[in-house]
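*Asks:* final31.cif is the file, holding mmCIF, C-alpha atoms:
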```
data_model
#
loop_
_atom_site.label_atom_id
_atom_site.label_comp_id
_atom_site.auth_asym_id
_atom_site.auth_seq_id
_atom_site.Cartn_x
_atom_site.Cartn_y
_atom_site.Cartn_z
CA MET A 756 103.29 111.02 55.09
CA SER A 757 103.33 114.80 55.47
CA THR A 758 106.41 116.71 56.53
CA SER A 759 104.79 117.78 59.82
CA THR A 760 103.87 114.16 60.60
CA GLU A 761 107.42 113.04 59.82
CA GLN A 762 108.81 115.76 62.10
CA LEU A 763 106.44 114.74 64.89
CA SER A 764 107.41 111.08 64.52
CA GLU A 765 111.09 111.96 64.65
CA GLN A 766 110.48 114.21 67.67
CA LEU A 767 108.59 111.50 69.56
CA ALA A 768 111.25 108.94 68.72
CA ALA A 769 113.88 111.24 70.21
CA THR A 770 112.02 111.91 73.44
CA THR A 771 112.91 110.21 76.67
CA LEU A 772 110.67 107.83 78.58
CA LEU A 773 109.54 108.48 82.16
CA ARG A 774 107.91 105.78 84.25
CA PHE A 775 105.97 107.26 87.15
CA ALA A 776 103.39 106.14 89.69
CA THR A 777 100.68 107.95 91.61
CA ALA A 778 99.95 107.21 95.26
CA GLY A 779 98.03 108.72 98.13
CA SER A 780 95.27 108.12 100.64
CA VAL A 781 91.68 107.23 99.76
CA ASP A 782 89.75 110.03 97.99
CA ASP A 783 92.81 112.24 97.61
CA GLY A 784 92.03 112.45 93.89
CA LYS A 785 94.67 110.25 92.23
CA SER A 786 92.46 108.99 89.41
CA THR A 787 91.07 112.48 88.86
CA LEU A 788 94.60 113.86 88.56
CA VAL A 789 95.52 111.17 86.06
CA GLY A 790 92.33 111.83 84.09
CA ARG A 791 93.05 115.54 84.11
CA LEU A 792 96.60 114.94 82.87
CA LEU A 793 95.34 112.76 80.02
CA HIS A 794 92.48 115.12 79.14
CA ASP A 795 94.35 118.42 79.26
CA SER A 796 97.40 117.03 77.46
CA LYS A 797 95.09 115.89 74.61
CA SER A 798 95.96 112.22 75.24
CA VAL A 799 92.36 110.98 75.37
CA LEU A 800 90.67 109.56 72.29
CA ALA A 801 87.28 110.98 71.39
CA ASP A 802 85.45 107.70 71.94
CA GLN A 803 87.06 107.31 75.39
CA LEU A 804 85.95 110.77 76.43
CA GLU A 805 82.45 110.12 75.06
CA ALA A 806 82.20 106.90 77.10
CA VAL A 807 83.26 108.76 80.25
CA GLU A 808 80.75 111.53 79.62
CA HIS A 809 78.00 108.96 79.12
CA ALA A 810 78.93 107.10 82.32
CA SER A 811 79.04 110.39 84.23
CA ARG A 812 75.60 111.45 83.01
CA SER A 813 74.13 108.07 83.98
CA ARG A 814 75.36 108.74 87.52
CA GLY A 815 73.71 112.18 87.60
CA GLN A 816 76.91 114.21 87.10
CA GLU A 817 76.84 117.21 84.81
CA ALA A 818 80.59 117.36 84.15
CA PRO A 819 82.58 114.31 83.01
CA ASP A 820 84.19 112.40 85.88
CA LEU A 821 87.78 112.20 84.65
CA ALA A 822 88.61 109.54 87.25
CA LEU A 823 86.70 107.07 85.07
CA LEU A 824 89.47 107.30 82.47
CA THR A 825 91.60 105.08 84.71
CA ASP A 826 89.13 103.31 87.02
CA GLY A 827 88.14 100.62 84.53
CA LEU A 828 86.93 97.82 86.79
CA ARG A 829 83.19 97.72 87.48
CA ALA A 830 83.81 97.50 91.24
CA GLU A 831 86.04 100.58 91.02
CA ARG A 832 83.35 102.61 89.30
CA GLU A 833 80.61 101.43 91.64
CA GLN A 834 82.57 102.24 94.80
CA GLY A 835 84.41 105.27 93.45
CA ILE A 836 87.77 103.83 94.48
CA THR A 837 90.87 102.40 92.81
CA ILE A 838 91.43 98.70 93.49
CA ASP A 839 94.07 97.55 91.03
CA VAL A 840 97.05 99.21 89.36
CA ALA A 841 95.97 100.90 86.11
CA TYR A 842 98.68 101.53 83.53
CA ARG A 843 98.35 104.31 81.00
CA TYR A 844 100.64 105.27 78.14
CA PHE A 845 100.73 108.79 76.75
CA ALA A 846 103.14 111.23 75.20
CA THR A 847 103.78 114.93 74.76
CA PRO A 848 106.19 116.52 72.29
CA ARG A 849 108.81 116.58 75.05
CA ARG A 850 108.57 113.11 76.62
CA ARG A 851 106.84 109.71 76.59
CA PHE A 852 105.21 108.40 79.78
CA ILE A 853 104.20 105.10 81.35
CA LEU A 854 101.92 105.87 84.28
CA ALA A 855 100.85 103.52 87.05
CA ASP A 856 97.77 104.69 88.96
CA THR A 857 97.93 102.78 92.26
CA PRO A 858 95.26 102.26 94.96
CA GLY A 859 95.12 104.30 98.14
CA HIS A 860 93.62 101.79 100.58
CA VAL A 861 95.90 100.28 103.23
CA GLN A 862 94.86 96.80 102.10
CA TYR A 863 96.27 97.53 98.63
CA THR A 864 99.75 98.65 99.72
CA ARG A 865 101.14 95.66 97.80
CA ASN A 866 99.62 97.09 94.61
CA MET A 867 101.50 100.34 95.18
CA VAL A 868 104.73 98.33 95.51
CA THR A 869 103.99 96.69 92.17
CA GLY A 870 103.31 99.99 90.43
CA ALA A 871 106.29 101.85 91.90
CA SER A 872 108.87 99.06 91.58
CA THR A 873 109.97 100.26 88.12
CA ALA A 874 109.10 103.95 88.55
CA GLU A 875 111.63 106.77 88.35
CA LEU A 876 109.18 109.19 89.94
CA ALA A 877 106.28 108.92 92.37
CA VAL A 878 103.47 111.46 92.68
CA VAL A 879 102.11 111.36 96.25
CA LEU A 880 98.77 113.16 96.61
CA VAL A 881 97.55 114.83 99.78
CA ASP A 882 94.10 116.29 100.40
CA ALA A 883 94.74 119.91 101.41
CA ARG A 884 91.91 119.67 103.98
CA ASN A 885 93.41 116.63 105.75
CA GLY A 886 97.14 117.19 105.39
CA VAL A 887 99.69 114.42 105.84
CA VAL A 888 97.95 111.28 107.13
CA GLU A 889 99.15 107.77 107.96
CA GLN A 890 98.72 106.49 104.42
CA THR A 891 100.72 109.46 103.11
CA ARG A 892 103.62 108.46 105.34
CA ARG A 893 103.21 104.84 104.31
CA HIS A 894 103.49 105.69 100.62
CA ALA A 895 106.49 107.95 101.23
CA ALA A 896 108.19 105.08 103.05
CA VAL A 897 107.41 102.63 100.23
CA ALA A 898 108.89 105.07 97.71
CA ALA A 899 112.01 105.32 99.87
CA LEU A 900 112.24 101.51 100.22
CA LEU A 901 111.98 101.10 96.45
CA ARG A 902 114.64 103.79 95.93
CA VAL A 903 112.40 105.92 93.71
CA PRO A 904 114.74 108.83 92.90
CA HIS A 905 112.13 111.60 92.50
CA VAL A 906 109.01 112.26 94.58
CA VAL A 907 106.37 114.90 93.82
CA LEU A 908 104.07 116.02 96.62
CA ALA A 909 100.83 117.12 94.95
CA VAL A 910 98.71 119.00 97.49
CA ASN A 911 95.30 118.50 95.91
CA LYS A 912 91.89 120.14 96.40
CA MET A 913 93.40 123.56 97.01
CA ASP A 914 90.08 124.99 95.75
CA LEU A 915 88.42 123.62 98.91
CA VAL A 916 90.78 125.60 101.19
CA ASP A 917 90.41 128.85 99.20
CA TYR A 918 93.85 128.41 97.60
CA GLN A 919 95.56 129.52 100.82
CA GLU A 920 99.35 129.50 100.66
CA PRO A 921 99.89 128.82 104.43
CA VAL A 922 97.91 125.56 104.15
CA PHE A 923 100.14 124.38 101.30
CA ALA A 924 103.35 125.53 103.00
CA ALA A 925 102.59 123.66 106.24
CA ILE A 926 101.80 120.40 104.44
CA ALA A 927 104.87 120.70 102.22
CA GLU A 928 107.15 121.28 105.20
CA GLU A 929 105.77 118.32 107.17
CA PHE A 930 106.01 115.90 104.25
CA THR A 931 109.46 117.08 103.13
CA THR A 932 110.86 116.63 106.63
CA TYR A 933 109.49 113.09 106.90
CA ALA A 934 110.54 111.98 103.41
CA SER A 935 114.01 113.49 103.79
CA GLU A 936 114.56 111.47 106.98
CA LEU A 937 113.80 108.34 104.94
CA GLY A 938 116.48 109.25 102.43
CA VAL A 939 114.29 110.37 99.50
CA PRO A 940 116.82 112.33 97.42
CA GLU A 941 114.52 114.84 95.71
CA ILE A 942 111.09 116.17 96.74
CA THR A 943 109.06 118.71 94.75
CA ALA A 944 105.84 120.16 96.23
CA ILE A 945 103.11 121.48 93.89
CA PRO A 946 99.71 122.93 94.94
CA ILE A 947 96.95 121.71 92.60
CA SER A 948 93.25 121.20 92.06
CA ALA A 949 92.84 118.13 89.86
CA LEU A 950 89.08 118.72 89.55
CA ALA A 951 89.44 122.33 88.40
CA GLY A 952 92.71 121.82 86.54
CA ASP A 953 94.82 124.24 88.60
CA ASN A 954 98.58 123.64 88.11
CA VAL A 955 98.07 120.22 86.50
CA VAL A 956 98.76 121.08 82.87
CA GLU A 957 98.08 124.82 82.89
CA PRO A 958 99.30 127.32 85.54
CA SER A 959 96.65 128.38 88.03
CA ALA A 960 95.30 131.93 88.03
CA ASN A 961 94.08 131.31 91.58
CA MET A 962 97.54 130.75 93.08
CA ASP A 963 99.69 133.61 91.88
CA TRP A 964 101.81 133.12 95.00
CA TYR A 965 103.16 129.86 93.52
CA GLY A 966 105.96 130.30 90.98
CA GLY A 967 106.99 126.68 90.40
CA PRO A 968 106.19 124.28 87.57
CA THR A 969 102.87 122.60 86.88
CA VAL A 970 102.68 118.84 87.35
CA LEU A 971 103.06 118.13 83.62
CA GLU A 972 105.88 120.65 83.24
CA HIS A 973 107.78 118.95 86.05
CA LEU A 974 107.13 115.50 84.59
CA GLU A 975 108.44 116.70 81.23
CA THR A 976 111.61 118.27 82.61
CA VAL A 977 112.69 116.18 85.59
CA PRO A 978 116.09 114.63 84.78
CA VAL A 979 115.79 110.89 84.19
CA SER A 980 118.90 108.80 83.97
CA HIS A 981 118.56 105.75 81.75
CA ASP A 982 122.31 105.35 81.60
CA LEU A 983 122.49 101.78 82.85
CA THR A 984 125.91 101.54 81.19
CA ALA A 985 127.39 103.26 84.23
CA CYS A 986 126.19 100.43 86.48
CA HIS A 987 127.94 97.14 87.22
CA ALA A 988 127.67 95.04 84.05
CA ARG A 989 125.35 92.06 84.53
CA PHE A 990 123.99 89.55 81.99
CA PRO A 991 121.56 86.89 83.22
CA VAL A 992 121.52 83.98 80.78
CA GLN A 993 118.01 83.28 79.55
CA TYR A 994 118.55 80.68 76.85
CA VAL A 995 121.40 78.68 75.33
CA ILE A 996 121.42 78.73 71.51
CA ARG A 997 122.97 75.61 70.03
CA PRO A 998 121.51 75.05 66.52
CA GLN A 999 123.92 72.25 65.42
CA THR A 1000 122.94 72.71 61.79
CA ALA A 1001 125.06 72.35 58.65
CA GLU A 1002 125.22 76.13 58.45
CA HIS A 1003 126.14 76.58 62.13
CA PRO A 1004 127.70 73.29 63.28
CA ASP A 1005 129.71 74.75 66.16
CA TYR A 1006 127.65 77.80 67.15
CA ARG A 1007 127.10 78.17 70.89
CA GLY A 1008 125.60 81.40 72.16
CA TYR A 1009 124.04 82.61 75.39
CA ALA A 1010 120.97 84.75 74.88
CA GLY A 1011 119.30 87.19 77.26
CA GLN A 1012 118.75 90.84 78.14
CA ILE A 1013 121.62 92.85 79.56
CA ALA A 1014 120.40 93.90 83.02
CA ALA A 1015 122.97 96.66 83.54
CA GLY A 1016 126.25 97.98 82.19
CA ALA A 1017 127.95 97.17 78.90
CA PHE A 1018 129.82 94.18 77.45
CA ARG A 1019 132.56 94.28 74.82
CA VAL A 1020 134.18 91.76 72.52
CA GLY A 1021 137.55 90.74 73.98
CA GLU A 1022 136.45 91.35 77.57
CA GLU A 1023 137.17 88.70 80.20
CA ILE A 1024 134.05 87.58 82.03
CA THR A 1025 133.24 85.36 85.00
CA VAL A 1026 130.33 82.92 84.97
CA LEU A 1027 128.44 82.82 88.24
CA PRO A 1028 127.84 80.93 90.43
CA SER A 1029 130.48 78.49 89.05
CA GLY A 1030 133.27 81.09 88.99
CA ARG A 1031 134.64 79.86 85.65
CA THR A 1032 136.20 82.52 83.40
CA SER A 1033 136.34 83.05 79.66
CA THR A 1034 136.60 85.79 77.02
CA ILE A 1035 133.84 87.27 74.88
CA THR A 1036 134.55 86.41 71.24
CA GLY A 1037 131.35 87.75 69.73
CA ILE A 1038 128.11 89.60 70.44
CA ASP A 1039 125.10 89.15 68.17
CA ALA A 1040 122.32 91.75 68.24
CA LEU A 1041 119.35 91.75 65.86
CA GLY A 1042 121.08 89.25 63.60
CA GLU A 1043 124.30 91.24 63.28
CA SER A 1044 127.67 91.02 65.04
CA VAL A 1045 128.56 94.06 67.16
CA ASP A 1046 131.62 95.00 69.21
CA ILE A 1047 129.74 96.38 72.19
CA ALA A 1048 126.25 96.02 73.68
CA TRP A 1049 124.62 97.70 76.66
CA ALA A 1050 121.53 97.58 78.85
CA PRO A 1051 118.70 97.01 78.16
CA GLN A 1052 119.57 95.38 74.83
CA SER A 1053 118.69 91.74 74.18
CA VAL A 1054 121.73 89.99 72.69
CA THR A 1055 123.52 86.69 72.27
CA ILE A 1056 127.03 86.46 73.71
CA ARG A 1057 129.63 83.98 72.42
CA LEU A 1058 132.60 82.87 74.51
CA ALA A 1059 136.04 81.48 73.72
CA ASP A 1060 135.62 78.42 75.94
CA ASP A 1061 133.00 75.68 76.04
CA ILE A 1062 131.79 76.11 79.61
CA ASP A 1063 128.77 74.45 81.18
CA ILE A 1064 126.44 77.46 81.19
CA SER A 1065 122.67 77.24 81.42
CA ARG A 1066 119.61 79.42 82.11
CA GLY A 1067 120.01 81.24 85.41
CA ASP A 1068 123.77 81.71 85.24
CA LEU A 1069 125.07 85.27 85.38
CA LEU A 1070 127.89 86.73 83.26
CA ALA A 1071 129.85 89.65 84.72
CA PRO A 1072 133.23 91.29 84.01
CA SER A 1073 135.93 89.40 85.88
CA GLY A 1074 137.14 92.60 87.53
CA ASP A 1075 133.66 93.55 88.72
CA ALA A 1076 131.88 90.30 89.51
CA PRO A 1077 129.48 90.21 92.49
CA ALA A 1078 130.10 87.86 95.40
CA THR A 1079 127.91 84.78 95.61
CA THR A 1080 126.04 83.86 98.77
CA GLN A 1081 123.50 81.41 100.10
CA ASP A 1082 122.45 83.67 103.01
CA ILE A 1083 120.36 86.63 101.94
CA GLU A 1084 119.23 89.46 104.20
CA ALA A 1085 116.57 91.61 102.63
CA THR A 1086 113.48 93.71 103.02
CA VAL A 1087 110.36 92.11 101.55
CA CYS A 1088 106.85 93.32 100.86
CA HIS A 1089 104.42 90.46 101.36
CA VAL A 1090 101.94 90.43 98.49
CA ALA A 1091 100.02 87.16 98.95
CA ASP A 1092 96.92 86.46 101.04
CA GLN A 1093 98.65 83.44 102.61
CA THR A 1094 101.28 84.08 105.27
CA LEU A 1095 105.07 83.87 105.08
CA ALA A 1096 106.43 82.11 108.18
CA VAL A 1097 109.79 81.21 109.69
CA GLY A 1098 110.85 77.76 108.52
CA GLN A 1099 108.74 77.92 105.37
CA ARG A 1100 110.08 76.35 102.19
CA VAL A 1101 109.93 78.69 99.20
CA LEU A 1102 111.36 79.20 95.73
CA LEU A 1103 113.52 82.28 95.23
CA LYS A 1104 113.54 83.78 91.73
CA HIS A 1105 116.41 86.15 90.99
CA THR A 1106 116.68 87.41 87.38
CA THR A 1107 116.43 84.18 85.33
CA ARG A 1108 117.49 81.85 88.14
CA THR A 1109 115.07 80.04 90.46
CA VAL A 1110 116.38 78.08 93.47
CA LYS A 1111 114.95 76.35 96.52
CA ALA A 1112 115.17 78.30 99.77
CA ILE A 1113 114.07 78.38 103.41
CA VAL A 1114 112.95 81.39 105.44
CA LYS A 1115 115.40 81.16 108.38
CA GLU A 1116 114.36 84.30 110.25
CA ILE A 1117 111.93 87.19 110.15
CA PRO A 1118 113.82 89.60 112.43
CA SER A 1119 111.30 92.44 112.27
CA ARG A 1120 108.15 93.84 110.74
CA LEU A 1121 108.11 97.50 109.82
CA THR A 1122 105.33 99.84 110.96
CA LEU A 1123 105.39 102.39 108.17
CA ASP A 1124 103.43 105.17 109.83
CA ASP A 1125 106.13 105.80 112.45
CA LEU A 1126 108.95 103.48 111.26
CA SER A 1127 108.83 101.49 114.48
CA GLN A 1128 109.87 97.84 114.33
CA HIS A 1129 107.97 94.90 115.69
CA PRO A 1130 110.71 92.35 116.51
CA ASN A 1131 110.44 88.67 115.63
CA PRO A 1132 106.84 88.62 114.37
CA GLY A 1133 107.21 85.00 113.30
CA GLN A 1134 105.28 85.60 110.10
CA LEU A 1135 104.25 88.25 107.59
CA VAL A 1136 100.74 88.72 106.22
CA ALA A 1137 99.42 90.55 103.17
CA ASN A 1138 100.79 94.10 102.79
CA ASP A 1139 103.36 93.64 105.59
CA ILE A 1140 106.88 94.91 105.00
CA GLY A 1141 109.61 93.24 107.01
CA ARG A 1142 113.17 92.03 107.17
CA VAL A 1143 113.87 88.39 106.33
CA VAL A 1144 116.87 86.09 106.32
CA VAL A 1145 116.68 83.45 103.60
CA ARG A 1146 118.98 80.47 103.08
CA THR A 1147 119.17 79.20 99.49
CA ALA A 1148 120.05 75.69 98.32
CA GLU A 1149 122.45 77.10 95.71
CA PRO A 1150 124.67 80.20 95.64
CA LEU A 1151 123.23 83.37 94.10
CA ALA A 1152 125.00 86.42 92.73
CA LEU A 1153 122.96 89.34 94.12
CA ASP A 1154 123.83 92.99 94.16
CA ALA A 1155 122.53 95.31 96.86
CA TYR A 1156 119.20 96.81 95.80
CA ALA A 1157 120.69 100.27 96.44
CA ASP A 1158 123.26 99.54 93.72
CA SER A 1159 120.97 97.87 91.20
CA ARG A 1160 117.18 97.66 91.25
CA ARG A 1161 117.37 94.99 88.52
CA THR A 1162 119.86 92.55 90.08
CA GLY A 1163 119.20 93.44 93.72
CA SER A 1164 115.54 92.36 93.65
CA PHE A 1165 113.94 88.93 93.82
CA LEU A 1166 110.64 87.11 94.36
CA LEU A 1167 109.68 84.49 96.93
CA ILE A 1168 107.30 81.92 95.43
CA ASP A 1169 105.14 79.17 96.92
CA PRO A 1170 106.54 75.91 95.46
CA ALA A 1171 103.15 74.19 95.77
CA ASP A 1172 101.11 76.37 93.45
CA GLY A 1173 103.46 79.05 92.06
CA THR A 1174 101.87 81.93 93.98
CA THR A 1175 104.13 84.95 94.40
CA LEU A 1176 104.50 85.44 98.15
CA ALA A 1177 106.80 88.43 98.51
CA ALA A 1178 108.91 90.89 96.56
CA GLY A 1179 112.39 91.31 98.04
CA MET A 1180 115.09 93.97 98.02
CA ALA A 1181 118.55 92.79 99.06
CA GLY A 1182 120.61 94.84 101.49
CA GLU A 1183 119.67 97.76 103.72
CA SER A 1184 116.12 99.06 103.92
CA PHE A 1185 116.49 102.82 103.60
CA ALA A 1186 119.20 105.12 102.33
CA THR A 1187 119.64 106.54 105.85
CA THR A 1188 120.47 105.24 109.32
CA LYS A 1189 116.79 104.36 109.76
CA ALA A 1190 117.46 100.95 108.22
CA VAL A 1191 115.75 98.15 110.12
CA ALA A 1192 118.12 96.34 112.43
CA VAL A 1193 118.30 92.58 112.23
CA VAL A 1194 117.59 91.01 115.59
CA GLU A 1195 119.80 88.08 116.47
CA THR A 1196 117.43 85.27 117.47
CA ALA A 1197 118.09 82.19 115.81
CA GLU A 1198 117.19 78.68 116.22
CA ASP A 1199 118.01 76.55 113.23
CA GLU A 1200 115.12 74.48 112.04
CA ALA A 1201 115.97 70.80 112.41
CA GLY A 1202 116.13 68.89 109.17
CA TRP A 1203 117.08 71.77 106.88
CA ASP A 1204 120.57 71.06 105.61
CA PHE A 1205 121.25 74.01 103.33
#
```
Written as structure tokens, that's how I'd like the structure from this file.
*Replies:*
Amino acid sequence: MSTSTEQLSEQLAATTLLRFATAGSVDDGKSTLVGRLLHDSKSVLADQLEAVEHASRSRGQEAPDLALLTDGLRAEREQGITIDVAYRYFATPRRRFILADTPGHVQYTRNMVTGASTAELAVVLVDARNGVVEQTRRHAAVAALLRVPHVVLAVNKMDLVDYQEPVFAAIAEEFTTYASELGVPEITAIPISALAGDNVVEPSANMDWYGGPTVLEHLETVPVSHDLTACHARFPVQYVIRPQTAEHPDYRGYAGQIAAGAFRVGEEITVLPSGRTSTITGIDALGESVDIAWAPQSVTIRLADDIDISRGDLLAPSGDAPATTQDIEATVCHVADQTLAVGQRVLLKHTTRTVKAIVKEIPSRLTLDDLSQHPNPGQLVANDIGRVVVRTAEPLALDAYADSRRTGSFLLIDPADGTTLAAGMAGESFATTKAVAVVETAEDEAGWDF
């Protein structure tokens, strides 16, 4: 291996990782922006570009349609729309990226939730000719609900409005005001033309009035905190290791991935939901014993006491253990075609634990375009976002989603066929006072005894 290759490998290994998602209304140019990012950052293989050029020529286009780099489904190419979330991995010398290109149609809002659920940044596109529309507000609200810390407003198709600064300024002001009211902590507005390449990777010569970063420059430099060690330490048990061999006759370890925080040998921990306590006597990582381990490492923890611990239990420091509850109030995004109704029996999956549950109430359904609340809808349908009250058969140790996206989230599952019904976020909806109020209505369903 050459010295330059070794240096590049070391440089890439040292770079940080940014997960980001694109969103926006139909035909705002999301896939074109992604294609332009990949093309201009030299992240497209020659055979991929050749295939795109061939497909573009067959459709009568002289220039390659860069949107085809991400729109891989036949239906997407035929209709010229994005239907499913497309993930792309690329890197520059400064940072590695995992990109989720999400659909713009209202009926695919659930796909945007999927793509943005693990994102640290969301790029919301707006067509400069149309300005902020209902779907723009919807995607801003979803980003706020999912607590995405950074939002980029990319005002696209500036070439079609003659690169006029007042057009960009008006759109930026309207969007920033709306997103700030939702509690989005950081908003960066960038005027671009994804088709022409203005301010995507290279600065635009057509907008000398703009002095900010290009899209790629911002993606490379935005501060991303992966310091999960500062969060409340949480370890969901995934598997109990008990070999009972001649070499390890008494070995008992609890394996899993640390969801947040750090664990140390000698630390007192509490096992939830039982509440039993013990002390960490050993931590095994990659076949070696270590004194400390932190998120997101996968490790095996050994304890001083033989406690009945199984998959789904949660280990936490005794001085910082979450409270357990059987009554969960949360915001959910309904992702299934079948409805979610009051009184419905479901399975609730939280980290590695799955328990039986009942939907006791659906206090409200959120209208994302104006944040109005439809009280007591009785049920949620596909793409609805609403507040729910769920009663579980067994106690769960949940954090608020605002405190931990890993241990504050859960899934509601149909027990009949395993279909995922809804993705839930425990606690308040937004980071501001616009949180959806829970309406007190409640008639207990006869026959449910938990």
*Asks:* So, counting all atoms listed in the file, which residue among A:Gly1011, A:Gly784, A:Pro978, A:Gly1037 is closest to Lys912 in chain A?
*Replies:*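 The shortest atom-to-atom distance to Lys912 in chain A comes from A:Gly784.
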*Asks:* Taking into account only C-alpha atoms, which residue in the set A:Ala1181, A:Val1087, A:Leu1176, A:Ile947 is nearest to Leu1151 in chain A?
*Replies:*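 Under the stated criterion, the closest residue is A:Ala1181.
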*Asks:* Got a sec: who's within 6 Å of range 841-858 of chain A, counting only C-alpha atoms, leaving out chain neighbours fewer than 4 positions off, as a VMD selection string?
*Replies:* chain A and resid 770 to 778 837 867 870 975
*Asks:* Mind pulling up the distance from CA of Ile1047 in chain A to CA of Ala1017 in chain A?
*Replies:* 7.0 Å
*Asks:* Quick one: apply the PyMOL selection byres ((chain A and resi 1008) around 12) to the file and drop the selected residues here as a PyMOL selection string.
*Replies:* chain A and resi 992-999+1003+1005-1007+1009-1011+1035-1040+1054-1066
*Asks:* Would you write out, as a list in words, every residue that the PyMOL selection byres ((chain A and resi 1108-1119) around 6) captures in this file?
*Replies:*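 Matching residues under the PyMOL selection byres ((chain A and resi 1108-1119) around 6) are Gly1067, Val1097, Gly1098, Gln1099, Arg1100, Val1101, Leu1102, Leu1103, Lys1104, His1105, Thr1106, Thr1107, Arg1120, Gln1128, His1129, Pro1130, Asn1131, Gly1141, Arg1142, Val1143, Val1144, Val1145, Arg1146, Thr1147, Ala1148, Val1193 and Val1194 of chain A.
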*Asks:* Could you work out how far CA of Asp1154 in chain A lies from CA of Val1020 in chain A, giving the answer in Å with one decimal?
*Replies:*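 Those two atoms sit 24.0 Å apart.
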*Asks:* Applying 9 Å and only C-alpha atoms, which residues near Thr1032 in chain A remain after dropping the ones on its own chain fewer than 4 positions away? List them as a list of chain:residue names.
*Replies:* A:Glu1023, A:Ile1024, A:Thr1025, A:Val1026, A:Asp1060, A:Ile1062, A:Ser1073
